[in-house]
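Have a look at input-v9.cif; it's mmCIF, C-alpha atoms:
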data_run
#
loop_
_atom_site.label_atom_id
_atom_site.label_comp_id
_atom_site.auth_asym_id
_atom_site.auth_seq_id
_atom_site.Cartn_x
_atom_site.Cartn_y
_atom_site.Cartn_z
CA MET U 1 60.95 -87.03 -125.82
CA GLU U 2 61.46 -89.70 -128.45
CA LEU U 3 57.96 -91.12 -127.82
CA TYR U 4 56.50 -87.61 -127.88
CA ASP U 5 58.19 -86.92 -131.23
CA LYS U 6 56.79 -90.16 -132.70
CA VAL U 7 53.26 -89.31 -131.57
CA PHE U 8 53.66 -85.77 -132.93
CA ASP U 9 54.89 -87.11 -136.30
CA PHE U 10 52.00 -89.64 -136.39
CA LEU U 11 49.42 -86.94 -135.77
CA GLN U 12 50.94 -84.84 -138.53
CA TYR U 13 50.17 -87.67 -140.96
CA TYR U 14 46.67 -88.24 -139.49
CA PRO U 15 45.49 -84.82 -138.25
CA SER U 16 41.83 -85.88 -138.12
CA LEU U 17 42.46 -88.88 -135.84
CA PRO U 18 41.87 -87.06 -132.52
CA LEU U 19 38.58 -85.72 -133.81
CA ALA U 20 37.53 -89.19 -135.00
CA MET U 21 38.47 -90.71 -131.64
CA ALA U 22 36.50 -88.04 -129.80
CA PHE U 23 33.49 -88.60 -132.01
CA GLY U 24 33.78 -92.36 -131.53
CA GLY U 25 33.93 -91.95 -127.77
CA LEU U 26 30.87 -89.71 -127.74
CA TYR U 27 28.98 -92.13 -129.99
CA ALA U 28 29.86 -95.08 -127.75
CA ALA U 29 28.78 -93.16 -124.65
CA TYR U 30 25.47 -92.21 -126.26
CA TYR U 31 24.88 -95.78 -127.43
CA ILE U 32 25.55 -97.33 -124.03
CA CYS U 33 23.68 -94.71 -122.01
CA SER U 34 20.70 -93.99 -124.26
CA VAL U 35 20.23 -96.94 -126.63
CA VAL U 36 21.07 -100.07 -124.65
CA LYS U 37 18.17 -100.70 -122.29
CA LYS U 38 16.21 -103.51 -120.72
CA PRO U 39 12.78 -104.00 -122.24
CA ARG U 40 9.70 -102.76 -120.45
CA ILE U 41 7.44 -105.68 -119.57
CA ALA U 42 3.82 -104.95 -118.67
CA CYS U 43 2.07 -107.95 -117.18
CA ARG U 44 -0.43 -108.45 -114.35
CA ASP U 45 -0.92 -112.20 -114.65
CA LYS U 46 1.29 -113.81 -111.98
CA ARG U 47 1.35 -117.15 -113.80
CA LEU U 48 2.52 -115.57 -117.03
CA GLN U 49 5.05 -113.47 -115.12
CA LYS U 50 6.53 -116.60 -113.53
CA LEU U 51 6.74 -118.39 -116.88
CA ILE U 52 8.66 -115.49 -118.40
CA GLU U 53 10.89 -114.89 -115.36
CA ARG U 54 11.87 -118.55 -115.00
CA HIS U 55 12.10 -119.72 -118.58
CA CYS U 56 12.78 -116.61 -120.72
CA PRO U 57 16.20 -115.35 -119.58
CA ILE U 58 16.12 -112.72 -122.33
CA ALA U 59 13.63 -110.79 -120.15
CA ARG U 60 16.47 -109.98 -117.75
CA GLU U 61 18.88 -108.82 -120.45
CA SER U 62 19.41 -105.40 -121.92
CA TYR U 63 18.78 -105.21 -125.64
CA TRP U 64 21.92 -104.21 -127.55
CA PRO U 65 20.74 -103.16 -131.03
CA THR U 66 23.28 -103.32 -133.83
CA TRP U 67 25.40 -100.31 -132.95
CA TRP U 68 25.72 -98.92 -136.46
CA CYS U 69 22.05 -99.15 -137.51
CA PHE U 70 19.76 -98.73 -134.51
CA GLN U 71 17.70 -95.94 -136.11
CA SER U 72 14.20 -97.32 -136.71
CA HIS U 73 13.90 -96.76 -140.47
CA VAL U 74 17.38 -98.10 -141.13
CA MET U 75 16.82 -101.18 -138.98
CA THR U 76 13.42 -101.91 -140.55
CA LEU U 77 14.77 -101.70 -144.09
CA LEU U 78 18.10 -103.38 -143.39
CA ARG U 79 16.61 -106.53 -141.88
CA ALA U 80 14.63 -107.14 -145.04
CA ILE U 81 17.73 -106.63 -147.18
CA ILE U 82 20.57 -108.41 -145.38
CA GLN U 83 18.89 -111.11 -143.29
CA SER U 84 20.06 -114.62 -144.17
CA ARG U 85 17.57 -117.01 -145.80
CA PRO U 86 17.44 -120.47 -144.19
CA GLN U 87 16.67 -123.33 -146.58
CA ILE U 88 13.31 -124.78 -145.56
CA GLN U 89 11.48 -127.59 -147.36
CA TYR U 90 7.71 -127.27 -147.00
CA ARG U 91 4.90 -129.71 -147.57
CA SER U 92 2.14 -127.61 -149.10
CA GLU U 93 -1.58 -128.05 -148.61
CA PHE U 94 -4.32 -126.03 -150.30
CA LEU U 95 -7.33 -125.54 -148.09
CA LEU U 96 -10.72 -124.51 -149.51
CA MET U 97 -12.79 -122.06 -147.51
CA PRO U 98 -16.59 -122.29 -147.19
CA ASP U 99 -17.11 -119.47 -149.73
CA GLY U 100 -14.94 -121.18 -152.34
CA GLY U 101 -11.77 -119.24 -151.57
CA GLN U 102 -8.41 -120.86 -151.01
CA VAL U 103 -5.53 -120.53 -148.57
CA LYS U 104 -2.24 -122.36 -148.58
CA LEU U 105 -0.72 -124.09 -145.58
CA ASP U 106 3.00 -124.81 -145.69
CA TRP U 107 3.96 -127.56 -143.26
CA VAL U 108 7.28 -128.64 -141.77
CA ASP U 109 6.31 -131.88 -140.06
CA ASN U 110 9.73 -132.39 -138.46
CA ASP U 111 9.47 -136.17 -138.40
CA GLY U 112 12.96 -136.39 -136.93
CA SER U 113 11.66 -134.82 -133.73
CA PRO U 114 11.77 -136.80 -130.47
CA HIS U 115 8.13 -135.81 -129.90
CA PRO U 116 5.59 -138.37 -131.18
CA ARG U 117 3.70 -137.23 -134.27
CA ALA U 118 0.28 -137.24 -132.62
CA THR U 119 1.31 -135.03 -129.70
CA ARG U 120 4.12 -133.05 -131.33
CA PRO U 121 3.78 -129.37 -130.31
CA THR U 122 2.87 -127.23 -133.33
CA VAL U 123 3.54 -123.58 -134.13
CA LEU U 124 1.07 -121.86 -136.46
CA LEU U 125 2.78 -118.89 -138.13
CA LEU U 126 1.01 -115.91 -139.73
CA PRO U 127 3.11 -113.57 -141.96
CA GLY U 128 2.60 -109.84 -142.42
CA LEU U 129 0.56 -107.72 -144.85
CA THR U 130 1.95 -108.98 -148.16
CA GLY U 131 4.13 -111.74 -146.70
CA SER U 132 4.23 -115.50 -147.16
CA SER U 133 6.05 -118.58 -145.94
CA GLU U 134 9.10 -117.38 -147.89
CA GLU U 135 9.66 -114.24 -145.80
CA THR U 136 13.05 -114.39 -144.09
CA TYR U 137 11.51 -113.80 -140.65
CA ILE U 138 9.13 -116.74 -141.20
CA LEU U 139 11.97 -118.97 -142.44
CA HIS U 140 14.02 -118.15 -139.35
CA MET U 141 11.08 -118.84 -137.04
CA VAL U 142 10.44 -122.18 -138.75
CA GLN U 143 14.11 -123.07 -138.44
CA GLU U 144 14.23 -122.17 -134.75
CA ALA U 145 11.07 -124.12 -133.87
CA THR U 146 12.23 -127.13 -135.90
CA GLN U 147 15.52 -127.22 -134.01
CA LEU U 148 13.53 -127.36 -130.78
CA GLY U 149 11.68 -130.42 -132.08
CA TYR U 150 8.38 -128.76 -132.93
CA ARG U 151 6.13 -128.88 -135.98
CA CYS U 152 5.39 -125.68 -137.97
CA VAL U 153 2.50 -124.63 -140.17
CA VAL U 154 2.58 -121.35 -142.10
CA PHE U 155 -0.81 -119.85 -142.97
CA ASN U 156 -0.55 -118.02 -146.33
CA ASN U 157 -3.48 -115.65 -146.82
CA ARG U 158 -5.59 -115.76 -149.97
CA GLY U 159 -3.59 -114.70 -153.01
CA ASN U 160 -0.22 -115.01 -151.22
CA GLY U 161 2.49 -117.66 -151.15
CA GLY U 162 1.11 -119.55 -154.13
CA ALA U 163 -2.52 -119.56 -153.00
CA ASP U 164 -4.63 -118.59 -156.02
CA LEU U 165 -7.36 -116.04 -155.53
CA LEU U 166 -10.53 -117.88 -156.50
CA THR U 167 -13.19 -115.46 -155.28
CA PRO U 168 -13.53 -111.64 -155.05
CA ARG U 169 -12.39 -111.66 -151.46
CA THR U 170 -8.88 -111.17 -150.10
CA TYR U 171 -8.03 -110.82 -146.39
CA CYS U 172 -7.96 -108.13 -143.74
CA ALA U 173 -6.97 -107.54 -140.13
CA SER U 174 -10.50 -107.66 -138.74
CA ASN U 175 -11.79 -110.78 -140.48
CA THR U 176 -10.90 -114.02 -138.69
CA GLU U 177 -13.09 -116.52 -140.57
CA ASP U 178 -10.18 -117.99 -142.55
CA MET U 179 -8.09 -118.13 -139.38
CA GLU U 180 -10.79 -120.06 -137.57
CA CYS U 181 -11.06 -122.53 -140.46
CA VAL U 182 -7.30 -123.05 -140.45
CA VAL U 183 -7.15 -123.65 -136.69
CA ASN U 184 -10.09 -126.08 -136.84
CA HIS U 185 -8.47 -127.91 -139.75
CA ILE U 186 -5.18 -128.33 -137.87
CA LYS U 187 -6.94 -129.47 -134.71
CA ALA U 188 -9.03 -131.96 -136.70
CA GLN U 189 -5.84 -133.51 -138.09
CA LEU U 190 -3.90 -133.29 -134.83
CA PRO U 191 -6.43 -133.34 -131.98
CA ASP U 192 -3.84 -134.23 -129.34
CA ALA U 193 -1.11 -131.79 -130.40
CA PRO U 194 -0.91 -128.43 -128.59
CA VAL U 195 -0.98 -125.56 -131.10
CA MET U 196 0.46 -122.11 -130.45
CA GLY U 197 -0.10 -119.16 -132.78
CA VAL U 198 2.63 -116.66 -133.74
CA GLY U 199 1.74 -113.68 -135.90
CA VAL U 200 3.90 -110.91 -137.30
CA SER U 201 2.55 -107.43 -138.13
CA LEU U 202 -0.81 -107.94 -139.91
CA GLY U 203 -0.59 -111.66 -139.12
CA GLY U 204 -0.32 -110.76 -135.44
CA MET U 205 -3.40 -108.56 -135.74
CA ILE U 206 -5.44 -111.36 -137.32
CA LEU U 207 -4.24 -113.73 -134.59
CA PHE U 208 -5.05 -111.27 -131.81
CA ASN U 209 -8.50 -110.55 -133.26
CA TYR U 210 -9.17 -114.28 -133.53
CA LEU U 211 -8.29 -114.78 -129.86
CA ALA U 212 -10.42 -111.80 -128.81
CA ALA U 213 -13.38 -112.98 -130.90
CA THR U 214 -13.29 -116.61 -129.75
CA GLY U 215 -12.38 -115.94 -126.10
CA LYS U 216 -12.58 -119.14 -124.06
CA GLU U 217 -13.40 -121.11 -127.22
CA ALA U 218 -10.04 -120.34 -128.86
CA ARG U 219 -8.31 -123.58 -129.80
CA LEU U 220 -4.75 -122.34 -129.29
CA CYS U 221 -2.79 -122.91 -126.09
CA ALA U 222 -0.93 -119.55 -126.32
CA ALA U 223 0.15 -116.88 -128.79
CA MET U 224 2.87 -114.39 -129.61
CA CYS U 225 2.23 -111.22 -131.64
CA VAL U 226 5.16 -109.23 -133.04
CA SER U 227 5.11 -105.61 -134.26
CA VAL U 228 1.32 -105.36 -134.39
CA ALA U 229 -0.50 -102.08 -135.02
CA TRP U 230 -2.63 -101.61 -131.92
CA ASN U 231 -4.64 -98.61 -133.06
CA VAL U 232 -5.02 -98.64 -136.84
CA PHE U 233 -5.98 -94.96 -137.00
CA GLU U 234 -2.78 -93.95 -135.21
CA SER U 235 -0.74 -96.33 -137.36
CA CYS U 236 -2.14 -94.84 -140.55
CA MET U 237 -1.35 -91.33 -139.35
CA SER U 238 2.21 -92.42 -138.58
CA LEU U 239 2.65 -94.14 -141.93
CA GLU U 240 1.43 -91.02 -143.73
CA LYS U 241 4.20 -88.85 -142.31
CA PRO U 242 6.64 -87.88 -145.10
CA LEU U 243 9.52 -90.22 -144.26
CA ASN U 244 7.30 -93.22 -143.52
CA LEU U 245 5.21 -92.49 -146.60
CA LEU U 246 8.35 -92.54 -148.73
CA PHE U 247 9.98 -95.64 -147.26
CA PHE U 248 7.07 -97.89 -146.34
CA ASN U 249 3.53 -96.77 -147.15
CA ARG U 250 3.81 -96.35 -150.90
CA TYR U 251 5.90 -99.51 -151.28
CA LEU U 252 3.33 -101.66 -149.47
CA ALA U 253 0.51 -100.00 -151.41
CA ARG U 254 2.26 -100.94 -154.66
CA LEU U 255 2.45 -104.58 -153.54
CA LEU U 256 -1.25 -104.59 -152.68
CA VAL U 257 -2.11 -103.02 -156.04
CA LYS U 258 0.07 -105.57 -157.83
CA MET U 259 -1.80 -108.46 -156.22
CA PHE U 260 -5.06 -106.76 -157.22
CA ARG U 261 -3.85 -106.24 -160.79
CA ASP U 262 -2.73 -109.87 -161.07
CA ASN U 263 -6.29 -110.93 -160.21
CA ILE U 264 -8.18 -108.04 -161.79
CA HIS U 265 -10.52 -110.32 -163.76
CA ILE U 266 -12.01 -111.52 -160.45
CA PHE U 267 -12.84 -108.00 -159.25
CA GLU U 268 -14.13 -106.36 -162.45
CA GLN U 269 -17.79 -106.96 -161.63
CA HIS U 270 -17.47 -105.92 -158.01
CA LEU U 271 -15.22 -102.85 -157.76
CA ASP U 272 -14.14 -99.74 -159.62
CA VAL U 273 -10.90 -101.37 -160.70
CA ASP U 274 -9.38 -98.25 -162.23
CA HIS U 275 -9.87 -96.37 -158.97
CA VAL U 276 -8.25 -99.20 -156.98
CA LEU U 277 -5.28 -99.29 -159.35
CA GLU U 278 -4.65 -95.61 -158.66
CA SER U 279 -4.12 -96.24 -154.93
CA ASN U 280 -0.85 -94.76 -153.67
CA THR U 281 -1.25 -95.45 -149.95
CA ILE U 282 -2.53 -98.26 -147.77
CA ARG U 283 -5.45 -96.12 -146.64
CA GLU U 284 -6.47 -95.43 -150.24
CA PHE U 285 -6.31 -99.13 -151.09
CA ASP U 286 -8.32 -100.05 -148.00
CA SER U 287 -10.94 -97.38 -148.79
CA ARG U 288 -11.34 -98.44 -152.42
CA CYS U 289 -10.90 -102.21 -152.08
CA THR U 290 -10.69 -103.85 -148.64
CA THR U 291 -13.56 -101.89 -147.12
CA LYS U 292 -15.91 -102.80 -149.97
CA LEU U 293 -14.88 -106.45 -150.21
CA PHE U 294 -15.70 -107.01 -146.53
CA GLY U 295 -18.93 -105.03 -146.43
CA TYR U 296 -17.92 -101.99 -144.38
CA GLU U 297 -19.65 -98.69 -145.07
CA THR U 298 -16.47 -96.66 -144.56
CA CYS U 299 -12.77 -97.22 -144.07
CA ASP U 300 -13.13 -95.85 -140.54
CA ASP U 301 -15.61 -98.64 -139.76
CA TYR U 302 -13.07 -101.19 -140.93
CA TYR U 303 -10.19 -99.61 -139.01
CA LYS U 304 -12.25 -99.45 -135.83
CA GLU U 305 -13.05 -103.16 -136.00
CA ALA U 306 -9.47 -104.06 -136.96
CA SER U 307 -7.88 -102.20 -134.03
CA LEU U 308 -6.68 -104.19 -131.03
CA HIS U 309 -6.21 -101.61 -128.29
CA GLU U 310 -9.71 -102.03 -126.84
CA LYS U 311 -9.73 -105.85 -126.94
CA VAL U 312 -7.09 -106.79 -124.37
CA HIS U 313 -9.81 -107.70 -121.86
CA ALA U 314 -11.25 -110.30 -124.27
CA LEU U 315 -8.19 -112.59 -124.21
CA HIS U 316 -8.47 -115.95 -122.46
CA VAL U 317 -5.20 -117.62 -123.48
CA PRO U 318 -1.67 -116.40 -122.66
CA VAL U 319 -0.38 -113.86 -125.18
CA LEU U 320 3.08 -112.30 -125.41
CA THR U 321 3.39 -109.17 -127.55
CA LEU U 322 6.68 -107.65 -128.72
CA ASN U 323 6.84 -104.04 -129.96
CA ALA U 324 9.56 -101.46 -130.38
CA ALA U 325 8.96 -97.95 -129.04
CA ASP U 326 10.31 -96.51 -132.31
CA ASP U 327 8.20 -98.68 -134.66
CA PRO U 328 6.98 -96.37 -137.47
CA PHE U 329 4.00 -98.71 -138.02
CA SER U 330 2.88 -98.74 -134.38
CA PRO U 331 3.44 -95.53 -132.35
CA LEU U 332 4.39 -95.96 -128.72
CA HIS U 333 1.54 -93.82 -127.41
CA ALA U 334 -0.98 -96.18 -129.06
CA ILE U 335 0.24 -99.30 -127.24
CA PRO U 336 -2.33 -100.06 -124.49
CA VAL U 337 0.14 -100.64 -121.67
CA GLU U 338 -2.36 -99.70 -118.94
CA ASP U 339 -4.80 -102.29 -120.24
CA ALA U 340 -2.11 -104.95 -119.95
CA LEU U 341 -1.59 -103.94 -116.32
CA GLN U 342 -5.31 -104.28 -115.60
CA ASN U 343 -6.03 -107.58 -117.37
CA ASP U 344 -4.76 -111.12 -117.22
CA HIS U 345 -3.53 -113.35 -120.06
CA ILE U 346 -1.18 -110.80 -121.66
CA ALA U 347 2.43 -109.71 -121.30
CA MET U 348 3.61 -106.71 -123.34
CA VAL U 349 7.31 -106.42 -124.10
CA ILE U 350 8.40 -103.01 -125.37
CA THR U 351 11.98 -102.25 -126.40
CA SER U 352 13.37 -98.75 -126.83
CA HIS U 353 14.60 -99.58 -130.35
CA GLY U 354 13.91 -102.22 -132.98
CA GLY U 355 11.84 -100.58 -135.72
CA HIS U 356 9.20 -102.70 -137.44
CA ILE U 357 10.09 -106.41 -137.42
CA GLY U 358 13.70 -105.26 -137.07
CA PHE U 359 15.25 -106.05 -133.68
CA LEU U 360 18.72 -106.53 -135.15
CA GLU U 361 21.67 -107.20 -132.85
CA GLY U 362 25.33 -108.01 -133.33
CA ALA U 363 27.90 -106.34 -135.58
CA VAL U 364 26.85 -108.44 -138.60
CA PRO U 365 23.09 -108.92 -138.07
CA ARG U 366 22.30 -111.57 -140.66
CA GLY U 367 21.20 -114.46 -138.47
CA LYS U 368 19.48 -114.86 -135.13
CA ASN U 369 18.32 -111.61 -133.57
CA TYR U 370 16.49 -110.31 -130.52
CA MET U 371 13.02 -111.06 -131.93
CA TYR U 372 13.91 -114.68 -132.68
CA ARG U 373 15.40 -115.16 -129.22
CA TRP U 374 12.17 -113.97 -127.56
CA TYR U 375 10.21 -116.21 -129.91
CA THR U 376 12.35 -119.28 -129.27
CA GLN U 377 12.38 -118.92 -125.49
CA PHE U 378 8.66 -118.16 -125.17
CA VAL U 379 7.57 -120.97 -127.52
CA ASP U 380 9.81 -123.45 -125.69
CA ALA U 381 8.57 -122.23 -122.30
CA VAL U 382 4.91 -122.61 -123.30
CA PHE U 383 5.30 -126.11 -124.71
CA LYS U 384 7.55 -127.43 -121.92
CA HIS U 385 6.09 -125.73 -118.88
CA GLY U 386 2.77 -124.08 -119.77
CA VAL U 387 1.14 -121.28 -117.80
CA LYS U 388 0.28 -122.89 -114.49
CA ASP U 389 -1.00 -121.89 -111.10
CA GLU U 390 1.81 -122.29 -108.56
#

What does the file become when written as structure tokens?
Amino acid sequence: MELYDKVFDFLQYYPSLPLAMAFGGLYAAYYICSVVKKPRIACRDKRLQKLIERHCPIARESYWPTWWCFQSHVMTLLRAIIQSRPQIQYRSEFLLMPDGGQVKLDWVDNDGSPHPRATRPTVLLLPGLTGSSEETYILHMVQEATQLGYRCVVFNNRGNGGADLLTPRTYCASNTEDMECVVNHIKAQLPDAPVMGVGVSLGGMILFNYLAATGKEARLCAAMCVSVAWNVFESCMSLEKPLNLLFFNRYLARLLVKMFRDNIHIFEQHLDVDHVLESNTIREFDSRCTTKLFGYETCDDYYKEASLHEKVHALHVPVLTLNAADDPFSPLHAIPVEDALQNDHIAMVITSHGGHIGFLEGAVPRGKNYMYRWYTQFVDAVFKHGVKDE
């Protein structure tokens, strides 16, 4: 009776505790039963399957998203806000393009690596739409690869990361000319070093389109593409839904317009600059600027050529893709899973949660997360073991 009286007195002071405990129990049950899941992996290529099964143990794990922020919009925004920022020292190189434009390559040579300089495996990193070598996800990827003993090169698109815009031409998902120049430049300097490409969001789309366009002539040994938009039409429709429009679309459009405004003197003779400056969405900016700069008649023509979902068959080097089913930038129904199951050279990893470049895990998700663990294991597997017939 004494214990009963103490419990009764305690509950009198905290009458809401039973309700909170019940809610907590229900939340935990929902999280464990509906949120924590193993990723879906779509892959027909037996060699690529073996590489992943044997050397990427993360493929056998369930993904445990951060329990208090697994909703896609929250995870997408939170990663950008709270992720730690590794201190990386780059060696910068400005590379002129054939048309007079300029891109910036940020190198981490990693001369302390046990791998000889001439044959040191090299990771070529491509940031997202308005990103650069200073994005936290790029800094983490550079840090992870450096710790493994590899060299990194970050490809900053024209006008980004300190690369001045010298001509009335920017960059877009469908155009791979700058990418090809960058790859050829790296291979000319390091002919004996294997080079693997890793692209995030728009960077992943440029990388994928480069691989599809060059086919057997691609000069990369493998690639990884994270949070890419497979069907640009479907992605635009998703990003124009009210919540996505509020949180993502208008913000990215403002960044694109800012870059345009900062270089407006270059475009004055080529575009209706006032109309471009009024762009409030990515589609409006692409219609008024990107489409015209790259010679497309309509925005639909550009989006059709930029889309990846019909190009899986064109790959001739191993590619791992990582997408979340709840990515607001890349709807699940637009991911060409069936194509992956009918073609070689690709493995698609799809998690139930993760948002766009989110993939947070752990109670305090500031450091290494699920995306970086896939990246680290796959990069290491490719460079150490390769995709071989067995």

| field | Contacts of U:Arg373 at 10 Å (only C-alpha atoms; same-chain gap of 2+ positions) as a ChimeraX atom specification | value | /U:56-58,141,144,368-371,375-379

| query | Which value, in Å to one decimal, gives the distance between atom CA of U:Phe248 and atom CA of U:Val312? | reply |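 Distance reported for this atom pair: 27.6 Å.
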
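Across the model, the gap from atom CA of U:Leu252 to atom CA of U:Asp327 is 15.9 Å.
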
| said: Selection in question (the file shown): the PyMOL selection byres ((chain U and resi 67) around 9). Which residues does it include, as a list in words? | reply: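 Taken on the displayed file, the PyMOL selection byres ((chain U and resi 67) around 9) yields the residues Ala28, Tyr31, Val35, Trp64, Pro65, Thr66, Trp68, Cys69, Phe70, Glu361, Gly362 and Ala363 of chain U.
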
| task | Return the single residue from U:Tyr171, U:Tyr63, U:Tyr210, U:Tyr90 that is closest to U:Val154, with distances computed using only C-alpha atoms. | result |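 Of all the options, U:Tyr90 lies closest to U:Val154.
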
| field | Interatomic distance, atom CA of U:His313 to atom CA of U:Gln49 (Å, one decimal) | value | 17.3 Å

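Closest approach to U:Arg261 among U:Ala59, U:Leu165, U:Leu341, U:Cys172: U:Leu165, based on only C-alpha atoms.
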
| message | Need the shell around stretch 265-281 of chain U: protein/DNA/RNA residues with any atom at most 6 Å away, counting all atoms listed in the file. Skip same-chain ones fewer than 3 positions apart. Format as a list in words? | response | Pro168, Asn249, Arg250, Ala253, Val257, Glu284, Phe285 and Arg288 of chain U

| Any idea what's packed within 10 Å of stretch 160-164 of chain U, counting only C-alpha atoms, ignoring anything in its chain fewer than 2 positions away? Could you give it as number ranges by chain? | U: 92-95, 101-106, 127, 129-135, 154-158, 166-167, 170, 259, 263

Any chance you can output those residues with C-alpha atoms as a PDB file, in the coordinates of the input?
ATOM      1  CA  SER U  92       2.140-127.610-149.100  1.00  0.00           C
ATOM      2  CA  GLU U  93      -1.580-128.050-148.610  1.00  0.00           C
ATOM      3  CA  PHE U  94      -4.320-126.030-150.300  1.00  0.00           C
ATOM      4  CA  LEU U  95      -7.330-125.540-148.090  1.00  0.00           C
ATOM      5  CA  GLY U 101     -11.770-119.240-151.570  1.00  0.00           C
ATOM      6  CA  GLN U 102      -8.410-120.860-151.010  1.00  0.00           C
ATOM      7  CA  VAL U 103      -5.530-120.530-148.570  1.00  0.00           C
ATOM      8  CA  LYS U 104      -2.240-122.360-148.580  1.00  0.00           C
ATOM      9  CA  LEU U 105      -0.720-124.090-145.580  1.00  0.00           C
ATOM     10  CA  ASP U 106       3.000-124.810-145.690  1.00  0.00           C
ATOM     11  CA  PRO U 127       3.110-113.570-141.960  1.00  0.00           C
ATOM     12  CA  LEU U 129       0.560-107.720-144.850  1.00  0.00           C
ATOM     13  CA  THR U 130       1.950-108.980-148.160  1.00  0.00           C
ATOM     14  CA  GLY U 131       4.130-111.740-146.700  1.00  0.00           C
ATOM     15  CA  SER U 132       4.230-115.500-147.160  1.00  0.00           C
ATOM     16  CA  SER U 133       6.050-118.580-145.940  1.00  0.00           C
ATOM     17  CA  GLU U 134       9.100-117.380-147.890  1.00  0.00           C
ATOM     18  CA  GLU U 135       9.660-114.240-145.800  1.00  0.00           C
ATOM     19  CA  VAL U 154       2.580-121.350-142.100  1.00  0.00           C
ATOM     20  CA  PHE U 155      -0.810-119.850-142.970  1.00  0.00           C
ATOM     21  CA  ASN U 156      -0.550-118.020-146.330  1.00  0.00           C
ATOM     22  CA  ASN U 157      -3.480-115.650-146.820  1.00  0.00           C
ATOM     23  CA  ARG U 158      -5.590-115.760-149.970  1.00  0.00           C
ATOM     24  CA  LEU U 166     -10.530-117.880-156.500  1.00  0.00           C
ATOM     25  CA  THR U 167     -13.190-115.460-155.280  1.00  0.00           C
ATOM     26  CA  THR U 170      -8.880-111.170-150.100  1.00  0.00           C
ATOM     27  CA  MET U 259      -1.800-108.460-156.220  1.00  0.00           C
ATOM     28  CA  ASN U 263      -6.290-110.930-160.210  1.00  0.00           C
TER      29      ASN U 263
END

| said: As a check of understanding, name the residues that the PyMOL selection byres ((chain U and resi 321) around 6) selects in the supplied structure, as a list of chain:residue names. | reply: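 Given this file, the PyMOL selection byres ((chain U and resi 321) around 6) evaluates to U:Met224, U:Cys225, U:Val226, U:Leu320, U:Leu322, U:Met348, U:Val349.
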
| task | Evaluate the PyMOL selection byres ((chain U and resi 307) around 12) and record the selected residues as number ranges by chain, following the chain and residue labels used in the document. | result | U: 172-175, 202, 204-206, 208-209, 212, 228-236, 300-306, 308-312, 330, 334-336

| U:Gly199, U:Leu124, U:Ser238, U:Asp380: which is nearest U:Gln147, counting all atoms listed in the file? |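 Smallest separation from U:Gln147 among the options: U:Asp380.
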
| query | Looking at only C-alpha atoms, which of U:Lys384, U:Pro365, U:Arg283, U:Glu61 is the one that sits closest to U:Gly149? | reply | U:Lys384

| said: Report as a ChimeraX atom specification all protein, DNA and RNA residues lying within 8 Å of U:Val183, evaluated on only C-alpha atoms, omitting residues in the same chain fewer than 3 positions from it. | reply: /U:179-180,186-187,219-220

| Best match for closeness to U:Pro39 among U:Arg54, U:Arg254, U:Arg60, U:His140, counting all atoms listed in the file | U:Arg60

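Shortest atom-to-atom contact with U:Thr76 among U:Thr298, U:Leu315, U:Leu96, U:Ser227: U:Ser227, counting only C-alpha atoms.
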
| field | Selection near U:Cys221, 7 Å with only C-alpha atoms, sequence-local residues under 2 positions removed, as number ranges by chain | value | U: 194-196, 219, 317
